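Worksheet: one structure, shown below.
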Amino acid sequence: AAVGVNFTNADGDSFIPVGGTLKDIASIDMGGLAPELKELEIITMCDIDNPMYGEKGAAYIFGPQKGADENMVRELDAGLRHLGEVLKQDLGLDLTDIPGGGAAGAMGAGMAAFFGSRLQMGIETVLDTVGFDTLAKDADCIFTGEGKIDSQSLRGKVVIGVARRAKKLGVPVIAVVGGAELGLEPAYEEGVSAVFTINRLPMELRDSAKYSRENLDFVMDNILRVLKKQVLA
């Protein structure tokens, strides 16, 4: 809305929609879009490939992480579905299955719809920019990590992005993470050699976060002790 896209409800009134009022969008007019934007190429980097809506979409996957309860999730997903229908109706765009459409609360879909943006995986862009394949081809081992490795990690986040590239190079990858879910076989298949969590003692996140530096140091020291012994053996 800030760049000139006009959203109107069933009464023909303009308004700025939010999550709870996506369902009220009756039409979308791009006629007032800031002309400067029409000359730009915009690339949107996404860290996941989730679709705009549905069981794997923005509301169902990320809503609960942000505090949405079951009713809120259903309402948000219904709103996104409705927005998708209006985009198809008024702009001729079908964003149902576009990878990354559900990124950042479906901002990915919004960028594609209103800015003509091309969506691509952020980790791939970063790895290409730093020349990862050249840097890593002679490496003995690669360390990577994230706060928590889980099913969402498999949808294009840093660890899996690095692992996929490293697997092609035949270089082992060790992921050092804050927490890990069970069922990581798909991660291993993608090229992760091993996963280590840094939390040494059972305690609440708010408490363990205070010791992240020490915990990371402890785990890395022990991993390197094993690697050193293997090399010297």
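Ordering of the structure tokens sets the chain letters (A, B, ...); residue numbers start at 1 within each chain; ligands are numbered from 1 in the order shown.
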
Write out as a PyMOL selection string the residues lying within 10 Å of Ile61 in chain A, counting only C-alpha atoms and excluding same-chain residues fewer than 6 positions away.
chain A and resi 50+53-55+73+102+105+152

Running DSSP on the backbone, which parts of range 21-122 of chain A land in strand (DSSP E), as a short mmCIF file (atom, residue, chain, number, x, y, z; two decimals) with N, CA and C atoms, in the first residue's frame?
```cif
data_model
loop_
_atom_site.label_atom_id
_atom_site.label_comp_id
_atom_site.auth_asym_id
_atom_site.auth_seq_id
_atom_site.Cartn_x
_atom_site.Cartn_y
_atom_site.Cartn_z
N SER A 27 -10.63 -6.45 -4.13
CA SER A 27 -9.92 -6.19 -5.38
C SER A 27 -8.58 -5.53 -5.11
N ILE A 28 -7.68 -5.66 -6.07
CA ILE A 28 -6.34 -5.09 -5.97
C ILE A 28 -6.06 -4.33 -7.26
N ASP A 29 -5.65 -3.07 -7.13
CA ASP A 29 -5.35 -2.23 -8.29
C ASP A 29 -3.88 -1.80 -8.22
N ILE A 43 15.45 -8.91 -6.57
CA ILE A 43 15.63 -10.33 -6.26
C ILE A 43 15.41 -10.52 -4.76
N THR A 44 14.55 -11.44 -4.42
CA THR A 44 14.23 -11.71 -3.02
C THR A 44 14.89 -13.01 -2.59
N MET A 45 15.73 -12.93 -1.57
CA MET A 45 16.40 -14.13 -1.06
C MET A 45 15.58 -14.73 0.08
N CYS A 46 15.24 -15.99 -0.05
CA CYS A 46 14.42 -16.69 0.95
C CYS A 46 15.25 -17.78 1.61
N ARG A 118 11.99 -11.88 -8.38
CA ARG A 118 12.39 -13.28 -8.55
C ARG A 118 12.82 -13.80 -7.19
N LEU A 119 12.26 -14.94 -6.77
CA LEU A 119 12.61 -15.54 -5.48
C LEU A 119 13.71 -16.57 -5.67
N GLN A 120 14.71 -16.51 -4.85
CA GLN A 120 15.73 -17.54 -4.89
C GLN A 120 16.25 -17.81 -3.49
N MET A 121 16.82 -19.00 -3.31
CA MET A 121 17.27 -19.40 -1.99
C MET A 121 18.45 -18.53 -1.56
#
```

Write out as a PyMOL selection string which residues come within 9 Å of Lys168 in chain A when counting only C-alpha atoms, dropping same-chain ones fewer than 4 positions away. chain A and resi 163-164+191

Restricting the output to N, CA and C atoms, write the selected residues as a PDB file, in the first residue's frame.
```pdb
ATOM      1  N   ALA A 163      25.702 -28.298   3.195  1.00  0.00           N
ATOM      2  CA  ALA A 163      25.895 -29.749   3.082  1.00  0.00           C
ATOM      3  C   ALA A 163      25.733 -30.240   1.642  1.00  0.00           C
ATOM      4  N   ARG A 164      24.757 -29.714   0.934  1.00  0.00           N
ATOM      5  CA  ARG A 164      24.529 -30.142  -0.443  1.00  0.00           C
ATOM      6  C   ARG A 164      25.727 -29.823  -1.334  1.00  0.00           C
ATOM      7  N   GLY A 191      24.058 -34.697   3.053  1.00  0.00           N
ATOM      8  CA  GLY A 191      25.485 -34.419   3.124  1.00  0.00           C
ATOM      9  C   GLY A 191      26.017 -34.052   4.488  1.00  0.00           C
TER      10      GLY A 191
END
```

Quiz item: Hey, what does DSSP flag as alpha helix (DSSP H) within range 10-156 of chain A? Can you give it to me as a count of residues only?
Solution: 53

Within 9 Å of Glu190 in chain A, counting only C-alpha atoms, which residues show up once you throw out same-chain ones fewer than 4 positions away? Write them as an mmCIF file with C-alpha atoms, in the first residue's frame, please.
```cif
data_model
loop_
_atom_site.group_PDB
_atom_site.id
_atom_site.type_symbol
_atom_site.label_atom_id
_atom_site.label_comp_id
_atom_site.auth_asym_id
_atom_site.auth_seq_id
_atom_site.Cartn_x
_atom_site.Cartn_y
_atom_site.Cartn_z
ATOM 1 C CA LEU A 154 15.698 -29.315 5.156
ATOM 2 C CA ILE A 160 21.550 -28.052 4.298
ATOM 3 C CA GLY A 161 22.666 -25.512 1.695
ATOM 4 C CA ALA A 163 25.895 -29.749 3.082
ATOM 5 C CA ARG A 164 24.529 -30.142 -0.443
ATOM 6 C CA LYS A 167 28.535 -33.469 -0.681
ATOM 7 C CA GLU A 185 18.234 -39.038 8.473
ATOM 8 C CA PRO A 186 17.229 -36.723 5.596
#
```

Pairwise distance, CA of Ala58 in chain A with CA of Asp13 in chain A, equals 27.4 Å

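Residues surrounding Gly178 in chain A within 7 Å are Glu146, Gly147, Lys148, Thr197, Ile198 and Asn199 of chain A [only C-alpha atoms; sequence separation below 4 positions excluded].
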
Create the file for the chosen residues now, containing C-alpha atoms and written as a PDB file, in the first residue's frame.
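Saved as again-v2.pdb:
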```pdb
ATOM      1  CA  GLU A 146      22.236 -22.936  13.320  1.00  0.00           C
ATOM      2  CA  GLY A 147      20.116 -22.401  16.409  1.00  0.00           C
ATOM      3  CA  LYS A 148      18.056 -25.550  15.890  1.00  0.00           C
ATOM      4  CA  THR A 197      24.336 -29.905  20.146  1.00  0.00           C
ATOM      5  CA  ILE A 198      26.109 -27.449  22.428  1.00  0.00           C
ATOM      6  CA  ASN A 199      23.825 -27.604  25.469  1.00  0.00           C
TER       7      ASN A 199
END
```

Between A:Ile16, A:Ile174, A:Ile25, A:Met220, smallest distance to Gln89 in chain A by only C-alpha atoms belongs to A:Ile25

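Once Leu93 in chain A and its same-chain neighbours fewer than 6 positions away are set aside, Ile28, Leu83, Gly84, Glu85, Val86, Leu87, Ala109, Gly110, Ala112, Ala113, Phe114 and Gly116 of chain A remain within 12 Å of it when counting only C-alpha atoms.
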
Write a file of the just-selected residues containing N, CA, C and O atoms, as a tab-separated table (two decimals), in the first residue's frame.
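What landed in result-v3.tsv:
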```
chain	number	residue	atom	x	y	z
A	28	ILE	N	-7.68	-5.66	-6.07
A	28	ILE	CA	-6.34	-5.09	-5.97
A	28	ILE	C	-6.06	-4.33	-7.26
A	28	ILE	O	-6.21	-4.87	-8.36
A	83	LEU	N	-6.33	-14.10	-0.39
A	83	LEU	CA	-5.43	-13.18	-1.10
A	83	LEU	C	-4.94	-13.82	-2.39
A	83	LEU	O	-4.87	-13.16	-3.44
A	84	GLY	N	-4.59	-15.10	-2.31
A	84	GLY	CA	-4.13	-15.80	-3.51
A	84	GLY	C	-5.18	-15.80	-4.62
A	84	GLY	O	-4.86	-15.64	-5.79
A	85	GLU	N	-6.43	-15.97	-4.23
A	85	GLU	CA	-7.52	-15.97	-5.22
A	85	GLU	C	-7.69	-14.59	-5.84
A	85	GLU	O	-7.93	-14.46	-7.04
A	86	VAL	N	-7.58	-13.53	-5.04
A	86	VAL	CA	-7.72	-12.17	-5.56
A	86	VAL	C	-6.55	-11.84	-6.49
A	86	VAL	O	-6.73	-11.18	-7.52
A	87	LEU	N	-5.36	-12.28	-6.14
A	87	LEU	CA	-4.20	-12.06	-7.00
A	87	LEU	C	-4.40	-12.74	-8.35
A	87	LEU	O	-4.04	-12.20	-9.40
A	109	ALA	N	5.65	-14.31	-1.41
A	109	ALA	CA	4.57	-14.21	-2.39
A	109	ALA	C	4.25	-12.75	-2.69
A	109	ALA	O	3.99	-12.37	-3.83
A	110	GLY	N	4.27	-11.91	-1.66
A	110	GLY	CA	4.00	-10.50	-1.85
A	110	GLY	C	5.03	-9.82	-2.73
A	110	GLY	O	4.70	-9.00	-3.59
A	112	ALA	N	6.82	-11.27	-5.04
A	112	ALA	CA	6.62	-11.74	-6.41
A	112	ALA	C	5.41	-11.06	-7.04
A	112	ALA	O	5.44	-10.66	-8.21
A	113	ALA	N	4.34	-10.89	-6.26
A	113	ALA	CA	3.10	-10.35	-6.80
A	113	ALA	C	3.18	-8.86	-7.08
A	113	ALA	O	2.79	-8.39	-8.15
A	114	PHE	N	3.68	-8.09	-6.13
A	114	PHE	CA	3.61	-6.63	-6.23
A	114	PHE	C	4.87	-5.96	-6.77
A	114	PHE	O	4.82	-4.82	-7.23
A	116	GLY	N	7.14	-7.93	-8.82
A	116	GLY	CA	7.68	-8.73	-9.92
A	116	GLY	C	9.02	-9.34	-9.58
A	116	GLY	O	9.86	-9.57	-10.45
```

Counting only C-alpha atoms, figure out which residue out of A:Glu204, A:Asp47, A:Glu36, A:Asp221 gets nearest to Thr125 in chain A.
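Selected residue with least distance to Thr125 in chain A: A:Asp47.
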